[in-house]
file my_file-v2.txt (compact mmCIF, C-alpha atoms)
# COMPACT_ATOMS: atom_id res chain seq x y z
CA MET A 15 0.00 0.00 0.00
CA SER A 16 1.42 3.39 -0.99
CA HIS A 17 0.99 6.74 0.70
CA SER A 18 -1.21 7.92 -2.13
CA ASP A 19 -3.81 5.40 -1.31
CA THR A 20 -6.58 6.65 1.07
CA ILE A 21 -9.11 4.83 3.07
CA PRO A 22 -12.60 6.24 2.97
CA LEU A 23 -14.01 7.40 6.41
CA HIS A 24 -17.27 6.39 7.84
CA PRO A 25 -19.98 8.98 7.27
CA SER A 26 -20.48 9.53 11.00
CA SER A 27 -16.78 10.14 11.53
CA GLN A 28 -16.69 12.57 8.67
CA SER A 29 -19.57 14.50 10.15
CA ASP A 30 -17.81 14.71 13.49
CA ILE A 31 -14.70 16.06 11.90
CA ASP A 32 -16.65 18.64 10.01
CA GLU A 33 -18.37 19.72 13.21
CA ILE A 34 -15.02 20.14 14.99
CA GLU A 35 -13.65 22.21 12.12
CA ASP A 36 -16.73 24.44 12.19
CA LEU A 37 -16.25 25.02 15.92
CA ILE A 38 -12.59 25.92 15.46
CA ASN A 39 -13.38 28.34 12.64
CA ALA A 40 -16.16 29.94 14.73
CA SER A 41 -13.87 30.44 17.70
CA VAL A 42 -11.23 32.05 15.50
CA GLN A 43 -13.75 34.40 14.00
CA LEU A 44 -15.14 35.43 17.44
CA GLY A 45 -11.75 36.55 18.68
CA PRO A 46 -9.86 35.51 21.84
CA ALA A 47 -11.49 32.98 24.02
CA THR A 48 -13.71 34.31 26.81
CA VAL A 49 -13.63 32.82 30.27
CA LEU A 50 -16.98 31.73 31.54
CA PRO A 51 -17.96 33.29 34.86
CA ALA A 52 -17.44 31.21 37.96
CA ARG A 53 -20.21 29.93 40.10
CA PRO A 54 -21.89 32.79 41.89
CA PRO A 55 -21.20 32.87 45.66
CA SER A 56 -23.88 31.60 47.93
CA PRO A 57 -25.78 34.19 49.94
CA PRO A 58 -24.46 34.73 53.53
CA ARG A 59 -26.11 32.66 56.16
CA VAL A 60 -27.62 34.14 59.26
CA SER A 61 -25.19 33.63 62.14
CA ILE A 62 -26.52 32.47 65.49
CA PRO A 63 -24.92 34.34 68.43
CA VAL A 64 -23.13 32.03 70.81
CA SER A 65 -22.68 33.14 74.43
CA SER A 66 -20.04 31.76 76.77
CA SER A 67 -22.32 32.35 79.75
CA PRO A 68 -24.69 29.50 80.67
CA PHE A 69 -27.43 32.01 81.49
CA ILE A 70 -29.88 33.37 78.93
CA PRO A 71 -29.30 37.08 78.41
CA SER A 72 -32.11 39.36 79.44
CA ASN A 73 -33.90 41.67 76.96
CA LEU A 74 -33.99 44.47 79.52
CA PRO A 75 -32.01 47.56 78.60
CA LEU A 76 -28.60 47.85 80.20
CA PRO A 77 -28.15 50.51 82.89
CA PRO A 78 -26.22 53.56 81.84
CA PRO A 79 -22.53 53.30 82.63
CA SER A 80 -21.44 55.14 85.75
CA PHE A 81 -18.31 57.16 85.41
CA GLN A 82 -16.23 57.31 88.60
CA LYS A 83 -13.44 59.72 89.04
CA PRO A 84 -10.17 57.78 89.26
CA THR A 85 -8.56 57.88 92.65
CA PRO A 86 -5.12 59.47 92.49
CA VAL A 87 -2.36 57.09 93.47
CA GLN A 88 -0.14 58.45 96.19
CA ALA A 89 3.49 58.18 95.33
CA PHE A 90 5.53 56.95 98.27
CA PRO A 91 9.15 58.00 98.57
CA PRO A 92 11.72 55.27 98.10
CA PRO A 93 12.96 53.62 101.29
CA PRO A 94 16.07 55.20 102.75
CA VAL A 95 19.36 53.53 102.17
CA PRO A 96 20.65 51.70 105.28
CA GLY A 97 23.14 53.84 107.13
CA SER A 98 21.63 57.16 105.97
CA ASN A 99 18.95 59.47 107.37
CA GLY A 100 17.30 60.36 104.06
CA THR A 101 19.63 63.29 103.32
CA GLY A 102 22.70 61.28 102.45
CA LYS A 103 24.25 61.66 105.90
CA SER A 104 25.22 58.82 108.14
CA ASN A 105 23.21 57.87 111.25
CA SER A 106 26.27 57.02 113.30
CA GLY A 107 25.38 59.69 115.85
CA ARG A 108 21.86 58.43 116.38
CA GLN A 109 20.78 55.75 118.80
CA ASN A 110 20.64 52.25 117.46
CA ILE A 111 17.14 50.90 116.80
CA ALA A 112 17.81 47.70 118.67
CA ALA A 113 19.12 49.65 121.65
CA ALA A 114 15.87 51.65 121.71
CA GLY A 115 13.81 48.47 122.07
CA PHE A 116 12.84 47.94 118.40
CA GLY A 117 14.16 45.57 115.78
CA SER A 118 16.50 42.63 116.19
CA PRO A 119 19.09 42.79 119.03
CA PRO A 120 22.64 43.64 117.97
CA ASN A 121 25.28 40.94 117.74
CA THR A 122 27.51 41.41 120.80
CA LEU A 123 29.74 38.39 120.24
CA THR A 124 32.02 40.07 117.72
CA GLU A 125 32.01 43.64 119.04
CA PRO A 126 35.03 45.09 120.88
CA VAL A 127 35.16 44.78 124.65
CA TRP A 128 35.24 48.54 125.10
CA ASP A 129 31.94 48.89 123.21
CA THR A 130 30.34 46.32 125.53
CA VAL A 131 31.64 48.14 128.63
CA LYS A 132 30.38 51.50 127.34
CA ARG A 133 26.94 50.06 126.60
CA ASP A 134 26.68 48.49 130.08
CA LEU A 135 27.82 51.68 131.80
CA SER A 136 25.31 53.70 129.79
CA ARG A 137 22.53 51.33 130.83
CA ILE A 138 23.55 51.54 134.51
CA VAL A 139 23.52 55.36 134.42
CA SER A 140 20.14 55.40 132.67
CA ASN A 141 18.52 53.00 135.15
CA LEU A 142 20.05 54.87 138.07
CA LYS A 143 18.45 58.11 136.86
CA LEU A 144 15.09 56.42 136.40
CA VAL A 145 15.00 54.74 139.83
CA VAL A 146 16.84 57.01 142.26
CA PHE A 147 16.40 60.54 140.95
CA PRO A 148 13.12 62.39 140.34
CA ASN A 149 11.86 61.95 136.78
CA PRO A 150 8.47 61.79 134.98
CA PHE A 151 8.74 58.02 134.54
CA ARG A 152 8.49 57.24 138.26
CA ASP A 153 4.70 57.09 137.93
CA ASP A 154 5.04 54.26 135.40
CA PRO A 155 7.31 51.53 136.84
CA GLY A 156 7.03 49.48 133.65
CA LYS A 157 8.85 52.16 131.67
CA ALA A 158 11.40 52.83 134.39
CA LEU A 159 12.52 49.19 134.70
CA ARG A 160 11.88 48.01 131.15
CA ASP A 161 15.62 47.70 130.46
CA TRP A 162 16.66 46.25 133.82
CA ASP A 163 20.11 44.78 134.48
CA LEU A 164 22.02 43.16 137.36
CA TRP A 165 25.43 44.75 136.83
CA GLY A 166 24.39 47.96 138.58
CA PRO A 167 22.98 46.26 141.70
CA PHE A 168 26.01 43.97 141.90
CA PHE A 169 28.34 46.97 141.74
CA PHE A 170 26.42 48.87 144.45
CA ILE A 171 26.34 45.85 146.79
CA VAL A 172 30.08 45.22 146.36
CA PHE A 173 30.89 48.92 146.77
CA LEU A 174 28.86 49.13 150.00
CA GLY A 175 30.58 46.03 151.38
CA LEU A 176 34.03 47.41 150.50
CA THR A 177 33.22 50.79 152.03
CA LEU A 178 32.12 49.18 155.30
CA SER A 179 35.21 46.94 155.36
CA TRP A 180 37.48 49.93 154.78
CA SER A 181 35.74 51.78 157.62
CA ALA A 182 36.29 48.88 160.03
CA SER A 183 39.49 48.89 162.07
CA VAL A 184 39.60 45.10 162.53
CA LYS A 185 38.22 42.02 160.77
CA LYS A 186 37.74 43.80 157.46
CA SER A 187 37.12 40.60 155.52
CA GLU A 188 34.40 39.49 157.96
CA VAL A 189 32.69 42.86 157.71
CA PHE A 190 32.67 42.64 153.93
CA ALA A 191 31.28 39.08 154.03
CA VAL A 192 28.51 40.01 156.45
CA ALA A 193 27.52 43.13 154.49
CA PHE A 194 27.54 41.30 151.15
CA ALA A 195 25.52 38.34 152.50
CA LEU A 196 23.02 40.64 154.20
CA LEU A 197 22.39 42.69 151.08
CA ALA A 198 22.29 39.77 148.62
CA ALA A 199 20.13 37.49 150.77
CA GLY A 200 17.90 40.40 151.78
CA ALA A 201 17.22 41.35 148.17
CA VAL A 202 16.28 37.76 147.30
CA ILE A 203 14.00 37.41 150.35
CA LEU A 204 12.28 40.73 149.68
CA THR A 205 11.69 39.75 146.05
CA LEU A 206 10.17 36.42 147.07
CA ASN A 207 7.98 38.26 149.56
CA VAL A 208 6.61 40.52 146.81
CA LEU A 209 5.98 37.56 144.51
CA LEU A 210 4.19 35.60 147.26
CA LEU A 211 1.97 38.61 147.85
CA GLY A 212 0.85 38.39 144.21
CA GLY A 213 3.12 41.11 142.95
CA ASN A 214 3.13 41.83 139.23
CA ILE A 215 6.90 42.04 138.84
CA ILE A 216 9.69 39.88 137.45
CA PHE A 217 12.10 38.25 139.91
CA PHE A 218 15.29 39.75 138.43
CA GLN A 219 13.53 43.05 137.84
CA SER A 220 12.81 43.29 141.57
CA LEU A 221 16.43 42.41 142.38
CA SER A 222 17.57 45.15 140.02
CA LEU A 223 15.25 47.69 141.67
CA LEU A 224 16.34 46.89 145.23
CA GLY A 225 19.98 47.01 144.20
CA TYR A 226 19.68 50.43 142.56
CA CYS A 227 17.90 51.77 145.64
CA LEU A 228 21.11 51.06 147.61
CA PHE A 229 22.88 53.92 145.80
CA PRO A 230 21.94 56.57 148.43
CA LEU A 231 23.22 54.29 151.22
CA ASP A 232 26.46 53.84 149.26
CA VAL A 233 26.88 57.61 149.20
CA GLY A 234 26.11 57.77 152.93
CA ALA A 235 28.63 55.02 153.74
CA LEU A 236 31.30 56.83 151.73
CA ILE A 237 30.64 60.10 153.56
CA CYS A 238 30.65 58.36 156.96
CA MET A 239 33.99 56.72 156.12
CA LEU A 240 35.51 60.14 155.44
CA LYS A 241 33.86 61.88 158.44
CA ASP A 242 34.31 59.85 161.64
CA ASN A 243 31.69 61.68 163.69
CA VAL A 244 28.64 60.04 165.26
CA ILE A 245 26.34 63.04 164.81
CA VAL A 246 27.34 63.42 161.16
CA LYS A 247 26.84 59.70 160.65
CA VAL A 248 23.32 59.79 162.11
CA ILE A 249 22.30 62.77 159.99
CA VAL A 250 23.80 61.32 156.80
CA VAL A 251 22.33 57.88 157.39
CA SER A 252 18.89 59.34 158.13
CA VAL A 253 18.90 61.35 154.91
CA THR A 254 20.18 58.50 152.74
CA LEU A 255 17.77 56.04 154.39
CA ALA A 256 14.82 58.29 153.57
CA TRP A 257 16.17 58.71 150.03
CA SER A 258 16.42 54.94 149.49
CA SER A 259 12.93 54.35 150.87
CA TRP A 260 11.52 57.11 148.67
CA ALA A 261 13.17 55.55 145.63
CA ALA A 262 11.74 52.07 146.29
CA TYR A 263 8.25 53.16 147.35
CA PRO A 264 6.50 53.79 143.98
CA PHE A 265 7.79 50.61 142.37
CA MET A 266 7.10 48.23 145.23
CA SER A 267 3.71 49.76 146.07
CA THR A 268 2.37 49.49 142.53
CA ALA A 269 3.60 45.91 142.14
CA VAL A 270 1.17 44.50 144.75
CA ASN A 271 -2.47 44.90 145.68
CA PRO A 272 -3.16 48.19 147.51
CA ARG A 273 -4.46 46.25 150.52
CA ARG A 274 -1.11 44.42 150.77
CA LYS A 275 1.07 47.46 150.22
CA ALA A 276 2.26 47.61 153.84
CA LEU A 277 3.27 43.93 153.79
CA ALA A 278 5.50 44.60 150.78
CA LEU A 279 7.03 47.91 151.93
CA TYR A 280 7.76 47.13 155.58
CA PRO A 281 10.43 44.44 154.90
CA VAL A 282 12.14 46.75 152.40
CA PHE A 283 12.26 49.58 154.91
CA LEU A 284 13.50 47.15 157.58
CA MET A 285 16.41 45.99 155.42
CA TYR A 286 17.49 49.57 154.66
CA VAL A 287 17.30 50.45 158.37
CA SER A 288 19.54 47.45 159.16
CA VAL A 289 22.09 48.66 156.60
CA GLY A 290 21.92 52.16 158.10
CA PHE A 291 22.64 50.86 161.62
CA LEU A 292 25.51 48.81 160.20
CA ILE A 293 26.99 51.97 158.68
CA ILE A 294 26.75 53.84 162.00
CA ALA A 295 28.09 50.93 164.09
CA ILE A 296 31.22 50.31 162.00
CA ASP A 297 34.18 52.09 163.56
call {"tool": "encode", "arguments": {"input": "my_file-v2.txt", "output": "structure tokens"}}
result
Amino acid sequence: MSHSDTIPLHPSSQSDIDEIEDLINASVQLGPATVLPARPPSPPRVSIPVSSSPFIPSNLPLPPPSFQKPTPVQAFPPPPVPGSNGTGKSNSGRQNIAAAGFGSPPNTLTEPVWDTVKRDLSRIVSNLKLVVFPNPFRDDPGKALRDWDLWGPFFFIVFLGLTLSWSASVKKSEVFAVAFALLAAGAVILTLNVLLLGGNIIFFQSLSLLGYCLFPLDVGALICMLKDNVIVKVIVVSVTLAWSSWAAYPFMSTAVNPRRKALALYPVFLMYVSVGFLIIAID
């Protein structure tokens, strides 16, 4: 079979080919091909409001919003730097907070010995002023003996015993022992007496008070040692005895019930009178 030979097409196939050619010719004559429009978008659906609250909202109108004036915020100053008084200066000259009764107590284990001695001496002088000398705190014994100590009473008892032993011409050691035992045991017995009477006072606080009240008798014993005159001794001892009793009266009287005040004050006065006679009798 040669290339020039042709095979006749079926009439239906020929008609299909003719139809395709007609479509191609028509599209060429119409110009560039046009894109058919896409499917029109579907109309928007009505959205159903969804509430996060389990309660059905009310149809009542909402109340009008209330406008409140904002409260101004007060600006606080920054805390002061430790070691300064707010103006950049050091507080070394001021009293320590812990020493005034506030804050944590200072660490005294690593401080110099001289600082400890100065602090104890300052406390002794302060308590001596509050107990023995007139001051506005005598009406409030709690304030006067809030910072009590035992170094002051111990010093006054030892000083009185040494003064009496120096005044004695013989048996100086025995005089010191008797004076020290009398004062120490007397203070303990008087304190127990106040506590047994229902006194509202601490044991060591009472010992501190009775010891500080010996200061006037110490002064009287020192004067009597320098002036060996019976009349001078009687006058000095009488004045110092009244001074010591006056110093102990407000503290011991307020510590017990008013009906038992005499039972608490009489032994104290008796001990001071015994010390006064001991001062006069030593020669």
call {"tool": "axis_aligned_box", "arguments": {"input": "my_file-v2.txt", "around": "region 255-263 of chain A", "padding_each_side": "4 Å", "output": "AutoDock Vina command-line options"}}
result
--center_x 13.0 --center_y 55.4 --center_z 150.0 --size_x 17.5 --size_y 14.6 --size_z 16.8
call {"tool": "residues_around", "arguments": {"input": "my_file-v2.txt", "residues": "region 256-265 of chain A", "least_positions_apart": "5", "cutoff": "8 Å", "atoms": "all atoms listed in the file", "output": "list in words"}}
result
Val145, Val146, Phe147, Arg152, Asp153, Pro155, Leu223, Leu224, Cys227, Leu228, Phe229, Pro230, Leu231, Leu279, Val282, Phe283 and Tyr286 of chain A
call {"tool": "write_last_selection", "arguments": {"input": "my_file-v2.txt", "atoms": "C-alpha atoms", "output": "PDB file, in the frame of the given file"}}
result
ATOM      1  CA  VAL A 145      15.000  54.740 139.830  1.00  0.00           C
ATOM      2  CA  VAL A 146      16.840  57.010 142.260  1.00  0.00           C
ATOM      3  CA  PHE A 147      16.400  60.540 140.950  1.00  0.00           C
ATOM      4  CA  ARG A 152       8.490  57.240 138.260  1.00  0.00           C
ATOM      5  CA  ASP A 153       4.700  57.090 137.930  1.00  0.00           C
ATOM      6  CA  PRO A 155       7.310  51.530 136.840  1.00  0.00           C
ATOM      7  CA  LEU A 223      15.250  47.690 141.670  1.00  0.00           C
ATOM      8  CA  LEU A 224      16.340  46.890 145.230  1.00  0.00           C
ATOM      9  CA  CYS A 227      17.900  51.770 145.640  1.00  0.00           C
ATOM     10  CA  LEU A 228      21.110  51.060 147.610  1.00  0.00           C
ATOM     11  CA  PHE A 229      22.880  53.920 145.800  1.00  0.00           C
ATOM     12  CA  PRO A 230      21.940  56.570 148.430  1.00  0.00           C
ATOM     13  CA  LEU A 231      23.220  54.290 151.220  1.00  0.00           C
ATOM     14  CA  LEU A 279       7.030  47.910 151.930  1.00  0.00           C
ATOM     15  CA  VAL A 282      12.140  46.750 152.400  1.00  0.00           C
ATOM     16  CA  PHE A 283      12.260  49.580 154.910  1.00  0.00           C
ATOM     17  CA  TYR A 286      17.490  49.570 154.660  1.00  0.00           C
TER      18      TYR A 286
END
call {"tool": "atom_distance", "arguments": {"input": "my_file-v2.txt", "atom1": "CA of Ile216 (chain A)", "atom2": "CA of Arg133 (chain A)"}}
result
22.8 Å
call {"tool": "residues_around", "arguments": {"input": "my_file-v2.txt", "residues": "Ser267 (chain A)", "least_positions_apart": "6", "cutoff": "9 Å", "atoms": "all atoms listed in the file", "output": "list in words"}}
result
Arg274, Lys275, Ala276, Ala278 and Leu279 of chain A
call {"tool": "atom_distance", "arguments": {"input": "my_file-v2.txt", "atom1": "CA of Pro281 (chain A)", "atom2": "CA of Ala182 (chain A)"}}
result
26.7 Å
call {"tool": "closest_atom_pairs", "arguments": {"input": "my_file-v2.txt", "of": "region 231-273 of chain A", "to": "region 164-176 of chain A", "cutoff": "10 Å", "atoms": "all atoms listed in the file", "output": "CSV"}}
result
residue,atom,partner,partner_atom,distance
A:Leu231,CA,A:Leu174,CA,7.7
A:Asp232,CA,A:Leu174,CA,5.3
A:Val233,CA,A:Leu174,CA,8.7
A:Gly234,CA,A:Leu174,CA,9.5
A:Ala235,CA,A:Leu174,CA,7.0
A:Leu236,CA,A:Leu174,CA,8.3
call {"tool": "closest_residue", "arguments": {"input": "my_file-v2.txt", "among": "A:Val202, A:Val289, A:Ile34, A:Ile294", "to": "Ile249 (chain A)", "atoms": "all atoms listed in the file"}}
result
A:Ile294
call {"tool": "atom_distance", "arguments": {"input": "my_file-v2.txt", "atom1": "CA of Pro126 (chain A)", "atom2": "CA of Asp163 (chain A)"}}
result
20.2 Å
call {"tool": "closest_residue", "arguments": {"input": "my_file-v2.txt", "among": "A:Val184, A:Leu221, A:Ile38, A:Leu255", "to": "Gly200 (chain A)", "atoms": "only C-alpha atoms"}}
result
A:Leu221
call {"tool": "residues_around", "arguments": {"input": "my_file-v2.txt", "residues": "Ile296 (chain A)", "least_positions_apart": "3", "cutoff": "10 Å", "atoms": "only C-alpha atoms", "output": "list in words"}}
result
Leu178, Ser179, Trp180, Ser181, Ala182, Ser183, Val184, Val189, Ala235, Cys238, Met239, Phe291, Leu292 and Ile293 of chain A
call {"tool": "write_last_selection", "arguments": {"input": "my_file-v2.txt", "atoms": "C-alpha atoms", "output": "PDB file, in the coordinates of the input"}}
result
ATOM      1  CA  LEU A 178      32.120  49.180 155.300  1.00  0.00           C
ATOM      2  CA  SER A 179      35.210  46.940 155.360  1.00  0.00           C
ATOM      3  CA  TRP A 180      37.480  49.930 154.780  1.00  0.00           C
ATOM      4  CA  SER A 181      35.740  51.780 157.620  1.00  0.00           C
ATOM      5  CA  ALA A 182      36.290  48.880 160.030  1.00  0.00           C
ATOM      6  CA  SER A 183      39.490  48.890 162.070  1.00  0.00           C
ATOM      7  CA  VAL A 184      39.600  45.100 162.530  1.00  0.00           C
ATOM      8  CA  VAL A 189      32.690  42.860 157.710  1.00  0.00           C
ATOM      9  CA  ALA A 235      28.630  55.020 153.740  1.00  0.00           C
ATOM     10  CA  CYS A 238      30.650  58.360 156.960  1.00  0.00           C
ATOM     11  CA  MET A 239      33.990  56.720 156.120  1.00  0.00           C
ATOM     12  CA  PHE A 291      22.640  50.860 161.620  1.00  0.00           C
ATOM     13  CA  LEU A 292      25.510  48.810 160.200  1.00  0.00           C
ATOM     14  CA  ILE A 293      26.990  51.970 158.680  1.00  0.00           C
TER      15      ILE A 293
END
call {"tool": "build_atoms", "arguments": {"input": "my_file-v2.txt", "residues": "region 232-260 of chain A", "atoms": "N, CA and C atoms", "output": "PDB file, keeping the file's coordinate frame"}}
result
ATOM      1  N   ASP A 232      25.048  53.862 149.652  1.00  0.00           N
ATOM      2  CA  ASP A 232      26.460  53.840 149.260  1.00  0.00           C
ATOM      3  C   ASP A 232      27.092  55.211 149.459  1.00  0.00           C
ATOM      4  N   VAL A 233      26.363  56.239 149.027  1.00  0.00           N
ATOM      5  CA  VAL A 233      26.880  57.610 149.200  1.00  0.00           C
ATOM      6  C   VAL A 233      27.017  57.929 150.691  1.00  0.00           C
ATOM      7  N   GLY A 234      26.025  57.514 151.494  1.00  0.00           N
ATOM      8  CA  GLY A 234      26.110  57.770 152.930  1.00  0.00           C
ATOM      9  C   GLY A 234      27.256  57.028 153.586  1.00  0.00           C
ATOM     10  N   ALA A 235      27.507  55.774 153.173  1.00  0.00           N
ATOM     11  CA  ALA A 235      28.630  55.020 153.740  1.00  0.00           C
ATOM     12  C   ALA A 235      29.963  55.648 153.373  1.00  0.00           C
ATOM     13  N   LEU A 236      30.063  56.169 152.142  1.00  0.00           N
ATOM     14  CA  LEU A 236      31.300  56.830 151.730  1.00  0.00           C
ATOM     15  C   LEU A 236      31.550  58.105 152.529  1.00  0.00           C
ATOM     16  N   ILE A 237      30.486  58.873 152.770  1.00  0.00           N
ATOM     17  CA  ILE A 237      30.640  60.100 153.560  1.00  0.00           C
ATOM     18  C   ILE A 237      30.991  59.766 155.014  1.00  0.00           C
ATOM     19  N   CYS A 238      30.354  58.742 155.575  1.00  0.00           N
ATOM     20  CA  CYS A 238      30.650  58.360 156.960  1.00  0.00           C
ATOM     21  C   CYS A 238      32.072  57.811 157.105  1.00  0.00           C
ATOM     22  N   MET A 239      32.612  57.205 156.043  1.00  0.00           N
ATOM     23  CA  MET A 239      33.990  56.720 156.120  1.00  0.00           C
ATOM     24  C   MET A 239      34.972  57.885 156.159  1.00  0.00           C
ATOM     25  N   LEU A 240      34.610  58.985 155.476  1.00  0.00           N
ATOM     26  CA  LEU A 240      35.510  60.140 155.440  1.00  0.00           C
ATOM     27  C   LEU A 240      35.341  61.010 156.687  1.00  0.00           C
ATOM     28  N   LYS A 241      34.137  61.057 157.264  1.00  0.00           N
ATOM     29  CA  LYS A 241      33.860  61.880 158.440  1.00  0.00           C
ATOM     30  C   LYS A 241      33.530  60.957 159.619  1.00  0.00           C
ATOM     31  N   ASP A 242      34.495  60.754 160.496  1.00  0.00           N
ATOM     32  CA  ASP A 242      34.310  59.850 161.640  1.00  0.00           C
ATOM     33  C   ASP A 242      33.699  60.630 162.799  1.00  0.00           C
ATOM     34  N   ASN A 243      32.417  60.946 162.652  1.00  0.00           N
ATOM     35  CA  ASN A 243      31.690  61.680 163.690  1.00  0.00           C
ATOM     36  C   ASN A 243      30.303  61.057 163.808  1.00  0.00           C
ATOM     37  N   VAL A 244      29.906  60.748 165.040  1.00  0.00           N
ATOM     38  CA  VAL A 244      28.640  60.040 165.260  1.00  0.00           C
ATOM     39  C   VAL A 244      27.459  60.892 164.821  1.00  0.00           C
ATOM     40  N   ILE A 245      27.466  62.177 165.167  1.00  0.00           N
ATOM     41  CA  ILE A 245      26.340  63.040 164.810  1.00  0.00           C
ATOM     42  C   ILE A 245      26.209  63.151 163.286  1.00  0.00           C
ATOM     43  N   VAL A 246      27.355  63.331 162.624  1.00  0.00           N
ATOM     44  CA  VAL A 246      27.340  63.420 161.160  1.00  0.00           C
ATOM     45  C   VAL A 246      26.850  62.109 160.562  1.00  0.00           C
ATOM     46  N   LYS A 247      27.280  60.995 161.147  1.00  0.00           N
ATOM     47  CA  LYS A 247      26.840  59.700 160.650  1.00  0.00           C
ATOM     48  C   LYS A 247      25.324  59.535 160.761  1.00  0.00           C
ATOM     49  N   VAL A 248      24.770  59.945 161.917  1.00  0.00           N
ATOM     50  CA  VAL A 248      23.320  59.790 162.110  1.00  0.00           C
ATOM     51  C   VAL A 248      22.549  60.642 161.111  1.00  0.00           C
ATOM     52  N   ILE A 249      23.001  61.879 160.928  1.00  0.00           N
ATOM     53  CA  ILE A 249      22.300  62.770 159.990  1.00  0.00           C
ATOM     54  C   ILE A 249      22.398  62.230 158.564  1.00  0.00           C
ATOM     55  N   VAL A 250      23.610  61.810 158.164  1.00  0.00           N
ATOM     56  CA  VAL A 250      23.800  61.320 156.800  1.00  0.00           C
ATOM     57  C   VAL A 250      23.009  60.038 156.570  1.00  0.00           C
ATOM     58  N   VAL A 251      23.067  59.137 157.546  1.00  0.00           N
ATOM     59  CA  VAL A 251      22.330  57.880 157.390  1.00  0.00           C
ATOM     60  C   VAL A 251      20.837  58.112 157.353  1.00  0.00           C
ATOM     61  N   SER A 252      20.329  59.046 158.140  1.00  0.00           N
ATOM     62  CA  SER A 252      18.890  59.340 158.130  1.00  0.00           C
ATOM     63  C   SER A 252      18.449  59.880 156.767  1.00  0.00           C
ATOM     64  N   VAL A 253      19.252  60.781 156.219  1.00  0.00           N
ATOM     65  CA  VAL A 253      18.900  61.350 154.910  1.00  0.00           C
ATOM     66  C   VAL A 253      18.962  60.289 153.813  1.00  0.00           C
ATOM     67  N   THR A 254      20.044  59.523 153.793  1.00  0.00           N
ATOM     68  CA  THR A 254      20.180  58.500 152.740  1.00  0.00           C
ATOM     69  C   THR A 254      19.161  57.372 152.908  1.00  0.00           C
ATOM     70  N   LEU A 255      18.792  57.062 154.162  1.00  0.00           N
ATOM     71  CA  LEU A 255      17.770  56.040 154.390  1.00  0.00           C
ATOM     72  C   LEU A 255      16.412  56.500 153.852  1.00  0.00           C
ATOM     73  N   ALA A 256      16.077  57.757 154.094  1.00  0.00           N
ATOM     74  CA  ALA A 256      14.820  58.290 153.570  1.00  0.00           C
ATOM     75  C   ALA A 256      14.856  58.338 152.032  1.00  0.00           C
ATOM     76  N   TRP A 257      16.026  58.663 151.496  1.00  0.00           N
ATOM     77  CA  TRP A 257      16.170  58.710 150.030  1.00  0.00           C
ATOM     78  C   TRP A 257      15.962  57.323 149.413  1.00  0.00           C
ATOM     79  N   SER A 258      16.579  56.304 150.008  1.00  0.00           N
ATOM     80  CA  SER A 258      16.420  54.940 149.490  1.00  0.00           C
ATOM     81  C   SER A 258      14.981  54.456 149.591  1.00  0.00           C
ATOM     82  N   SER A 259      14.328  54.761 150.699  1.00  0.00           N
ATOM     83  CA  SER A 259      12.930  54.350 150.870  1.00  0.00           C
ATOM     84  C   SER A 259      12.027  55.074 149.876  1.00  0.00           C
ATOM     85  N   TRP A 260      12.300  56.350 149.654  1.00  0.00           N
ATOM     86  CA  TRP A 260      11.520  57.110 148.670  1.00  0.00           C
ATOM     87  C   TRP A 260      11.697  56.558 147.264  1.00  0.00           C
TER      88      TRP A 260
END
